[in-house]
file protein-v9.cif (mmCIF, C-alpha atoms)
data_coords
loop_
_atom_site.label_atom_id
_atom_site.label_comp_id
_atom_site.auth_asym_id
_atom_site.auth_seq_id
_atom_site.Cartn_x
_atom_site.Cartn_y
_atom_site.Cartn_z
CA LYS X 198 -30.55 7.00 3.76
CA ARG X 199 -28.46 9.94 4.86
CA SER X 200 -25.25 7.95 4.28
CA PHE X 201 -26.31 7.03 0.76
CA ALA X 202 -27.19 10.65 0.09
CA THR X 203 -23.92 12.16 1.37
CA LEU X 204 -21.09 9.61 1.01
CA PRO X 205 -21.00 8.83 -2.74
CA GLY X 206 -19.58 12.29 -3.45
CA VAL X 207 -16.59 11.51 -1.24
CA PHE X 208 -16.19 7.74 -1.70
CA ASN X 209 -16.60 6.72 -5.32
CA THR X 210 -14.50 5.08 -8.02
CA ASP X 211 -14.16 8.25 -10.11
CA ARG X 212 -12.52 10.05 -7.20
CA MET X 213 -10.40 7.01 -6.36
CA VAL X 214 -9.09 6.54 -9.92
CA GLY X 215 -8.45 10.28 -10.24
CA GLU X 216 -6.51 10.26 -6.99
CA TYR X 217 -4.43 7.25 -8.10
CA ALA X 218 -3.67 9.00 -11.39
CA ALA X 219 -2.63 12.23 -9.66
CA ARG X 220 -0.64 10.70 -6.79
CA ALA X 221 0.83 7.52 -8.29
CA TYR X 222 0.47 6.93 -12.01
CA GLY X 223 1.27 10.48 -13.12
CA PRO X 224 4.48 10.83 -11.07
CA LEU X 225 5.60 7.32 -12.05
CA LEU X 226 5.02 8.07 -15.74
CA ALA X 227 7.02 11.31 -15.44
CA ALA X 228 9.85 9.46 -13.67
CA TRP X 229 9.78 6.75 -16.34
CA ASP X 230 9.98 9.37 -19.09
CA ASP X 231 13.04 10.86 -17.36
CA LEU X 232 14.69 7.42 -17.33
CA GLU X 233 13.97 6.81 -21.00
CA ARG X 234 15.06 10.24 -22.28
CA GLY X 235 18.42 10.42 -24.08
CA ARG X 236 18.66 6.75 -25.03
CA GLN X 237 18.05 5.59 -21.46
CA ALA X 238 20.75 7.86 -20.01
CA GLY X 239 18.61 8.38 -16.89
CA ALA X 240 18.26 4.61 -16.43
CA ARG X 241 22.00 4.16 -16.71
CA ARG X 242 22.60 6.94 -14.16
CA LEU X 243 20.05 5.37 -11.79
CA ALA X 244 21.65 1.91 -12.13
CA ALA X 245 25.13 3.35 -11.48
CA ARG X 246 23.82 5.26 -8.44
CA HIS X 247 22.16 2.14 -7.01
CA GLU X 248 25.33 0.11 -7.56
CA ARG X 249 27.44 2.76 -5.79
CA LEU X 250 24.99 2.95 -2.88
CA ARG X 251 24.88 -0.85 -2.46
CA ARG X 252 28.69 -1.10 -2.56
CA SER X 253 29.12 1.84 -0.17
CA PHE X 254 26.52 0.46 2.24
CA GLU X 255 28.96 -2.28 3.24
CA GLN X 256 31.30 0.39 4.68
CA LEU X 257 28.60 1.93 6.88
CA SER X 258 29.22 1.37 10.61
CA LEU X 259 28.03 2.79 13.92
CA ARG X 260 30.89 4.26 15.94
CA SER X 261 28.95 5.39 19.02
CA ALA X 262 25.48 6.25 20.30
CA ARG X 263 24.64 8.52 23.21
CA ILE X 264 21.11 8.41 24.52
CA GLY X 265 19.58 9.41 27.85
CA ASP X 266 18.17 7.05 30.48
CA LEU X 267 15.10 5.31 29.05
CA SER X 268 13.74 3.87 32.30
CA ARG X 269 10.79 5.35 34.16
CA LEU X 270 10.09 8.05 31.60
CA LYS X 271 7.02 10.21 32.09
CA SER X 272 4.75 11.83 29.55
CA GLY X 273 6.35 15.09 28.45
CA ASP X 274 9.97 13.97 29.05
CA THR X 275 12.40 14.55 26.19
CA ILE X 276 14.86 11.92 24.94
CA GLU X 277 18.02 13.34 23.36
CA VAL X 278 20.08 11.13 21.04
CA GLU X 279 23.40 11.55 19.28
CA VAL X 280 24.89 8.95 16.93
CA ASP X 281 28.31 8.87 15.25
CA LEU X 282 28.21 6.95 11.98
CA HIS X 283 31.16 6.08 9.74
CA LEU X 284 29.84 6.77 6.23
CA GLY X 285 32.67 5.48 4.07
CA ASP X 286 31.98 6.80 0.55
CA LEU X 287 28.43 7.95 1.34
CA HIS X 288 27.32 11.55 1.79
CA PRO X 289 25.38 12.53 4.95
CA GLU X 290 22.18 13.26 2.97
CA GLU X 291 22.32 9.79 1.38
CA VAL X 292 21.79 8.06 4.74
CA LEU X 293 18.59 8.16 6.79
CA VAL X 294 19.40 7.53 10.46
CA GLU X 295 16.56 6.77 12.89
CA LEU X 296 16.09 6.04 16.56
CA VAL X 297 13.49 3.27 16.78
CA LEU X 298 11.91 3.44 20.19
CA GLY X 299 9.23 1.50 22.05
CA HIS X 300 8.06 0.16 25.39
CA HIS X 301 9.79 -2.95 26.76
CA SER X 302 7.49 -5.95 26.59
CA HIS X 303 9.32 -8.55 28.73
CA GLY X 304 11.32 -10.43 26.11
CA ALA X 305 8.81 -10.07 23.27
CA GLY X 306 10.38 -7.05 21.56
CA LEU X 307 9.07 -3.51 21.74
CA ASN X 308 5.49 -2.23 21.79
CA ASN X 309 4.14 1.16 20.67
CA MET X 310 7.16 1.67 18.43
CA SER X 311 7.98 4.92 16.70
CA ALA X 312 10.86 6.03 14.50
CA VAL X 313 12.56 9.36 15.19
CA ARG X 314 14.49 10.77 12.26
CA LEU X 315 17.95 12.05 13.19
CA GLY X 316 19.62 14.81 11.21
CA PRO X 317 23.30 15.37 10.39
CA ARG X 318 25.00 17.92 12.62
CA GLY X 319 28.27 19.68 11.98
CA GLU X 320 30.95 18.68 9.54
CA GLU X 321 31.94 15.13 8.68
CA ARG X 322 35.31 14.29 10.29
CA GLU X 323 37.46 11.44 8.92
CA GLY X 324 34.40 9.81 7.37
CA VAL X 325 32.36 10.05 10.60
CA GLN X 326 29.14 12.09 10.67
CA THR X 327 27.20 12.94 13.82
CA TYR X 328 23.39 12.66 13.65
CA THR X 329 21.21 14.13 16.38
CA GLY X 330 17.58 14.39 17.34
CA HIS X 331 15.08 14.32 20.16
CA HIS X 332 11.73 12.77 20.96
CA ASN X 333 9.04 14.00 23.32
CA VAL X 334 7.58 11.05 25.22
CA GLU X 335 3.79 10.74 25.09
CA LEU X 336 3.39 7.50 27.09
CA SER X 337 5.09 6.86 30.43
CA GLY X 338 7.11 3.70 31.05
CA ASP X 339 10.40 1.92 30.40
CA TYR X 340 11.67 2.15 26.83
CA GLY X 341 14.06 0.19 24.66
CA TYR X 342 15.61 1.31 21.40
CA GLY X 343 17.57 0.46 18.30
CA ILE X 344 19.43 2.66 15.85
CA ARG X 345 18.92 1.99 12.15
CA ALA X 346 20.53 3.44 9.05
CA ARG X 347 18.96 3.08 5.63
CA PHE X 348 18.57 4.97 2.37
CA PRO X 349 15.90 7.63 2.01
CA GLU X 350 13.59 7.00 -0.94
CA THR X 351 14.20 9.97 -3.21
CA SER X 352 12.53 8.52 -6.29
CA PRO X 353 9.88 5.86 -7.01
CA PHE X 354 12.70 3.65 -8.30
CA ASP X 355 14.55 3.58 -4.96
CA LEU X 356 12.32 0.76 -3.69
CA THR X 357 15.08 -1.68 -4.66
CA LEU X 358 17.22 -0.15 -1.88
CA ARG X 359 14.57 -0.70 0.79
CA ASN X 360 16.11 -3.98 1.97
CA LEU X 361 19.43 -2.29 2.83
CA VAL X 362 19.14 -1.55 6.55
CA ARG X 363 21.88 -1.55 9.18
CA TRP X 364 20.78 -1.95 12.83
CA ALA X 365 22.82 -1.13 15.89
#

call {"tool": "encode", "arguments": {"input": "protein-v9.cif", "output": "structure tokens"}}
result
Amino acid sequence: KRSFATLPGVFNTDRMVGEYAARAYGPLLAAWDDLERGRQAGARRLAARHERLRRSFEQLSLRSARIGDLSRLKSGDTIEVEVDLHLGDLHPEEVLVELVLGHHSHGAGLNNMSAVRLGPRGEEREGVQTYTGHHNVELSGDYGYGIRARFPETSPFDLTLRNLVRWA
């Protein structure tokens, strides 16, 4: 009885629909209006941007990765990582670089995975940008990792770029 008396104020369809409108439908409608304004000038700009990003993505390549020893880590240890990425025609803020880290699971991939976002450091030199970051270990054990580069989603219409991922 207490649940029925207290929960409907928090969990009900009016709240749910209002939240969808505020968090999803409203921002999508505003973004759509921006695309349509000026005889679809925004849509043409978005299409040109996506085409440039797709074409430039082919030039993206990992030059080097420096990461500490990942065996026998203890809770509280810090993992430092530094990655040099050749960007080609891309700008550093157009590429999201992540260290994907998890426990070794004896040939079955990684368990307890987490992604650590790396940030650009210093100036780009000859098309190569250095990205750095660190991760504080919460669970002890032996870790494995991968480095991935992808595009950050800066608008609701960037979902079409989600499948562009480069692993190293």

call {"tool": "axis_aligned_box", "arguments": {"input": "protein-v9.cif", "around": "range 296-301 of chain X", "padding_each_side": "5 Å", "output": "JSON"}}
result
{"center_x": 12.1, "center_y": 1.5, "center_z": 21.7, "size_x": 18.0, "size_y": 19.0, "size_z": 20.2}

call {"tool": "closest_residue", "arguments": {"input": "protein-v9.cif", "among": "X:Asn308, X:Gln256, X:Asn209, X:Thr327", "to": "Val294 in chain X", "atoms": "only C-alpha atoms"}}
result
X:Thr327

call {"tool": "closest_residue", "arguments": {"input": "protein-v9.cif", "among": "X:Ile276, X:Leu243, X:His303, X:Met310", "to": "Asp231 in chain X", "atoms": "only C-alpha atoms"}}
result
X:Leu243

call {"tool": "closest_atom_pairs", "arguments": {"input": "protein-v9.cif", "of": "range 289-323 of chain X", "to": "range 358-362 of chain X", "cutoff": "12 Å", "atoms": "only C-alpha atoms", "output": "CSV"}}
result
residue,atom,partner,partner_atom,distance
X:Glu291,CA,X:Leu358,CA,11.6
X:Val292,CA,X:Val362,CA,10.1
X:Leu293,CA,X:Val362,CA,9.7
X:Val294,CA,X:Val362,CA,9.9
X:Glu295,CA,X:Val362,CA,10.8

call {"tool": "atom_distance", "arguments": {"input": "protein-v9.cif", "atom1": "CA of Gly330 in chain X", "atom2": "CA of Arg249 in chain X"}}
result
27.7 Å

call {"tool": "resolve_selection", "arguments": {"input": "protein-v9.cif", "expression": "the PyMOL selection byres ((chain X and resi 264) around 8)", "output": "NGL selection string"}}
result
:X and (262-263 or 265-266 or 276-279)

call {"tool": "closest_residue", "arguments": {"input": "protein-v9.cif", "among": "X:Ser337, X:Phe354, X:Ala365, X:Glu320", "to": "Leu226 in chain X", "atoms": "all atoms listed in the file"}}
result
X:Phe354

call {"tool": "closest_residue", "arguments": {"input": "protein-v9.cif", "among": "X:His283, X:Arg347, X:Arg269, X:His301", "to": "Arg251 in chain X", "atoms": "all atoms listed in the file"}}
result
X:Arg347

call {"tool": "closest_residue", "arguments": {"input": "protein-v9.cif", "among": "X:Ser200, X:Asn309, X:Arg363, X:Thr357", "to": "Ala244 in chain X", "atoms": "all atoms listed in the file"}}
result
X:Thr357

call {"tool": "residues_around", "arguments": {"input": "protein-v9.cif", "residues": "Leu270 in chain X", "least_positions_apart": "6", "cutoff": "10 Å", "atoms": "only C-alpha atoms", "output": "list in words"}}
result
Ile276, Val334, Glu335, Leu336, Ser337, Gly338, Asp339 and Tyr340 of chain X

call {"tool": "atom_distance", "arguments": {"input": "protein-v9.cif", "atom1": "CA of Pro289 in chain X", "atom2": "CA of Glu321 in chain X"}}
result
8.0 Å

call {"tool": "resolve_selection", "arguments": {"input": "protein-v9.cif", "expression": "the PyMOL selection byres ((chain X and resi 342) around 10)", "output": "number ranges by chain"}}
result
X: 264, 267, 296-301, 306-307, 310-312, 340-341, 343-345, 365

call {"tool": "closest_residue", "arguments": {"input": "protein-v9.cif", "among": "X:Leu259, X:Leu287, X:Ala245, X:Ala240", "to": "Phe348 in chain X", "atoms": "only C-alpha atoms"}}
result
X:Leu287

call {"tool": "atom_distance", "arguments": {"input": "protein-v9.cif", "atom1": "CA of Arg318 in chain X", "atom2": "CA of Glu255 in chain X"}}
result
22.6 Å

call {"tool": "resolve_selection", "arguments": {"input": "protein-v9.cif", "expression": "the PyMOL selection byres ((chain X and resi 328) around 7)", "output": "list in words"}}
result
Glu279, Val280, Asp281, Leu315, Gly316, Pro317, Arg318, Gln326, Thr327 and Thr329 of chain X

call {"tool": "write_last_selection", "arguments": {"input": "protein-v9.cif", "atoms": "C-alpha atoms", "output": "tab-separated table (two decimals), in the coordinates of the input"}}
result
chain	number	residue	atom	x	y	z
X	279	GLU	CA	23.40	11.55	19.28
X	280	VAL	CA	24.89	8.95	16.93
X	281	ASP	CA	28.31	8.87	15.25
X	315	LEU	CA	17.95	12.05	13.19
X	316	GLY	CA	19.62	14.81	11.21
X	317	PRO	CA	23.30	15.37	10.39
X	318	ARG	CA	25.00	17.92	12.62
X	326	GLN	CA	29.14	12.09	10.67
X	327	THR	CA	27.20	12.94	13.82
X	329	THR	CA	21.21	14.13	16.38

call {"tool": "build_atoms", "arguments": {"input": "protein-v9.cif", "residues": "range 260-285 of chain X", "atoms": "N, CA, C and O atoms", "output": "PDB file, keeping the file's coordinate frame"}}
result
ATOM      1  N   ARG X 260      29.728   4.079  15.084  1.00  0.00           N
ATOM      2  CA  ARG X 260      30.890   4.260  15.940  1.00  0.00           C
ATOM      3  C   ARG X 260      30.478   4.441  17.389  1.00  0.00           C
ATOM      4  O   ARG X 260      31.115   3.915  18.288  1.00  0.00           O
ATOM      5  N   SER X 261      29.413   5.218  17.643  1.00  0.00           N
ATOM      6  CA  SER X 261      28.950   5.390  19.020  1.00  0.00           C
ATOM      7  C   SER X 261      27.537   5.946  19.011  1.00  0.00           C
ATOM      8  O   SER X 261      27.097   6.549  18.030  1.00  0.00           O
ATOM      9  N   ALA X 262      26.824   5.709  20.116  1.00  0.00           N
ATOM     10  CA  ALA X 262      25.480   6.250  20.300  1.00  0.00           C
ATOM     11  C   ALA X 262      25.361   6.738  21.734  1.00  0.00           C
ATOM     12  O   ALA X 262      25.751   6.035  22.672  1.00  0.00           O
ATOM     13  N   ARG X 263      24.857   7.947  21.888  1.00  0.00           N
ATOM     14  CA  ARG X 263      24.640   8.520  23.210  1.00  0.00           C
ATOM     15  C   ARG X 263      23.158   8.843  23.328  1.00  0.00           C
ATOM     16  O   ARG X 263      22.612   9.596  22.522  1.00  0.00           O
ATOM     17  N   ILE X 264      22.545   8.226  24.316  1.00  0.00           N
ATOM     18  CA  ILE X 264      21.110   8.410  24.520  1.00  0.00           C
ATOM     19  C   ILE X 264      20.852   8.450  26.026  1.00  0.00           C
ATOM     20  O   ILE X 264      21.525   7.746  26.787  1.00  0.00           O
ATOM     21  N   GLY X 265      19.894   9.264  26.432  1.00  0.00           N
ATOM     22  CA  GLY X 265      19.580   9.410  27.850  1.00  0.00           C
ATOM     23  C   GLY X 265      18.979   8.136  28.443  1.00  0.00           C
ATOM     24  O   GLY X 265      18.701   7.170  27.742  1.00  0.00           O
ATOM     25  N   ASP X 266      18.781   8.167  29.745  1.00  0.00           N
ATOM     26  CA  ASP X 266      18.170   7.050  30.480  1.00  0.00           C
ATOM     27  C   ASP X 266      16.745   6.842  29.982  1.00  0.00           C
ATOM     28  O   ASP X 266      15.959   7.783  29.933  1.00  0.00           O
ATOM     29  N   LEU X 267      16.415   5.608  29.607  1.00  0.00           N
ATOM     30  CA  LEU X 267      15.100   5.310  29.050  1.00  0.00           C
ATOM     31  C   LEU X 267      14.182   4.608  30.045  1.00  0.00           C
ATOM     32  O   LEU X 267      13.112   4.143  29.681  1.00  0.00           O
ATOM     33  N   SER X 268      14.592   4.529  31.313  1.00  0.00           N
ATOM     34  CA  SER X 268      13.740   3.870  32.300  1.00  0.00           C
ATOM     35  C   SER X 268      12.904   4.915  33.041  1.00  0.00           C
ATOM     36  O   SER X 268      13.335   6.044  33.253  1.00  0.00           O
ATOM     37  N   ARG X 269      11.713   4.526  33.372  1.00  0.00           N
ATOM     38  CA  ARG X 269      10.790   5.350  34.160  1.00  0.00           C
ATOM     39  C   ARG X 269      10.544   6.735  33.563  1.00  0.00           C
ATOM     40  O   ARG X 269      10.511   7.745  34.261  1.00  0.00           O
ATOM     41  N   LEU X 270      10.389   6.771  32.251  1.00  0.00           N
ATOM     42  CA  LEU X 270      10.090   8.050  31.600  1.00  0.00           C
ATOM     43  C   LEU X 270       8.624   8.419  31.836  1.00  0.00           C
ATOM     44  O   LEU X 270       7.772   7.554  31.954  1.00  0.00           O
ATOM     45  N   LYS X 271       8.385   9.708  31.896  1.00  0.00           N
ATOM     46  CA  LYS X 271       7.020  10.210  32.090  1.00  0.00           C
ATOM     47  C   LYS X 271       6.588  10.986  30.855  1.00  0.00           C
ATOM     48  O   LYS X 271       7.421  11.526  30.124  1.00  0.00           O
ATOM     49  N   SER X 272       5.297  11.056  30.655  1.00  0.00           N
ATOM     50  CA  SER X 272       4.750  11.830  29.550  1.00  0.00           C
ATOM     51  C   SER X 272       5.279  13.259  29.620  1.00  0.00           C
ATOM     52  O   SER X 272       5.272  13.878  30.673  1.00  0.00           O
ATOM     53  N   GLY X 273       5.786  13.743  28.501  1.00  0.00           N
ATOM     54  CA  GLY X 273       6.350  15.090  28.450  1.00  0.00           C
ATOM     55  C   GLY X 273       7.863  15.126  28.550  1.00  0.00           C
ATOM     56  O   GLY X 273       8.470  16.141  28.215  1.00  0.00           O
ATOM     57  N   ASP X 274       8.504  14.020  29.004  1.00  0.00           N
ATOM     58  CA  ASP X 274       9.970  13.970  29.050  1.00  0.00           C
ATOM     59  C   ASP X 274      10.515  14.007  27.626  1.00  0.00           C
ATOM     60  O   ASP X 274       9.861  13.573  26.674  1.00  0.00           O
ATOM     61  N   THR X 275      11.738  14.490  27.494  1.00  0.00           N
ATOM     62  CA  THR X 275      12.400  14.550  26.190  1.00  0.00           C
ATOM     63  C   THR X 275      13.596  13.606  26.193  1.00  0.00           C
ATOM     64  O   THR X 275      14.399  13.612  27.130  1.00  0.00           O
ATOM     65  N   ILE X 276      13.717  12.816  25.133  1.00  0.00           N
ATOM     66  CA  ILE X 276      14.860  11.920  24.940  1.00  0.00           C
ATOM     67  C   ILE X 276      15.770  12.578  23.908  1.00  0.00           C
ATOM     68  O   ILE X 276      15.329  12.903  22.808  1.00  0.00           O
ATOM     69  N   GLU X 277      17.017  12.792  24.275  1.00  0.00           N
ATOM     70  CA  GLU X 277      18.020  13.340  23.360  1.00  0.00           C
ATOM     71  C   GLU X 277      18.894  12.186  22.874  1.00  0.00           C
ATOM     72  O   GLU X 277      19.251  11.311  23.658  1.00  0.00           O
ATOM     73  N   VAL X 278      19.243  12.193  21.597  1.00  0.00           N
ATOM     74  CA  VAL X 278      20.080  11.130  21.040  1.00  0.00           C
ATOM     75  C   VAL X 278      21.116  11.730  20.104  1.00  0.00           C
ATOM     76  O   VAL X 278      20.855  12.713  19.407  1.00  0.00           O
ATOM     77  N   GLU X 279      22.303  11.135  20.138  1.00  0.00           N
ATOM     78  CA  GLU X 279      23.400  11.550  19.280  1.00  0.00           C
ATOM     79  C   GLU X 279      24.110  10.281  18.812  1.00  0.00           C
ATOM     80  O   GLU X 279      24.471   9.428  19.624  1.00  0.00           O
ATOM     81  N   VAL X 280      24.309  10.149  17.518  1.00  0.00           N
ATOM     82  CA  VAL X 280      24.890   8.950  16.930  1.00  0.00           C
ATOM     83  C   VAL X 280      26.044   9.350  16.022  1.00  0.00           C
ATOM     84  O   VAL X 280      25.904  10.275  15.217  1.00  0.00           O
ATOM     85  N   ASP X 281      27.179   8.664  16.153  1.00  0.00           N
ATOM     86  CA  ASP X 281      28.310   8.870  15.250  1.00  0.00           C
ATOM     87  C   ASP X 281      28.354   7.679  14.296  1.00  0.00           C
ATOM     88  O   ASP X 281      28.444   6.525  14.731  1.00  0.00           O
ATOM     89  N   LEU X 282      28.291   7.978  13.013  1.00  0.00           N
ATOM     90  CA  LEU X 282      28.210   6.950  11.980  1.00  0.00           C
ATOM     91  C   LEU X 282      29.352   7.131  10.993  1.00  0.00           C
ATOM     92  O   LEU X 282      29.556   8.232  10.470  1.00  0.00           O
ATOM     93  N   HIS X 283      30.119   6.052  10.769  1.00  0.00           N
ATOM     94  CA  HIS X 283      31.160   6.080   9.740  1.00  0.00           C
ATOM     95  C   HIS X 283      30.475   5.839   8.401  1.00  0.00           C
ATOM     96  O   HIS X 283      29.857   4.792   8.192  1.00  0.00           O
ATOM     97  N   LEU X 284      30.577   6.821   7.500  1.00  0.00           N
ATOM     98  CA  LEU X 284      29.840   6.770   6.230  1.00  0.00           C
ATOM     99  C   LEU X 284      30.601   6.132   5.090  1.00  0.00           C
ATOM    100  O   LEU X 284      29.997   5.789   4.070  1.00  0.00           O
ATOM    101  N   GLY X 285      31.911   5.992   5.212  1.00  0.00           N
ATOM    102  CA  GLY X 285      32.670   5.480   4.070  1.00  0.00           C
ATOM    103  C   GLY X 285      32.553   6.455   2.917  1.00  0.00           C
ATOM    104  O   GLY X 285      32.824   7.642   3.055  1.00  0.00           O
TER     105      GLY X 285
END
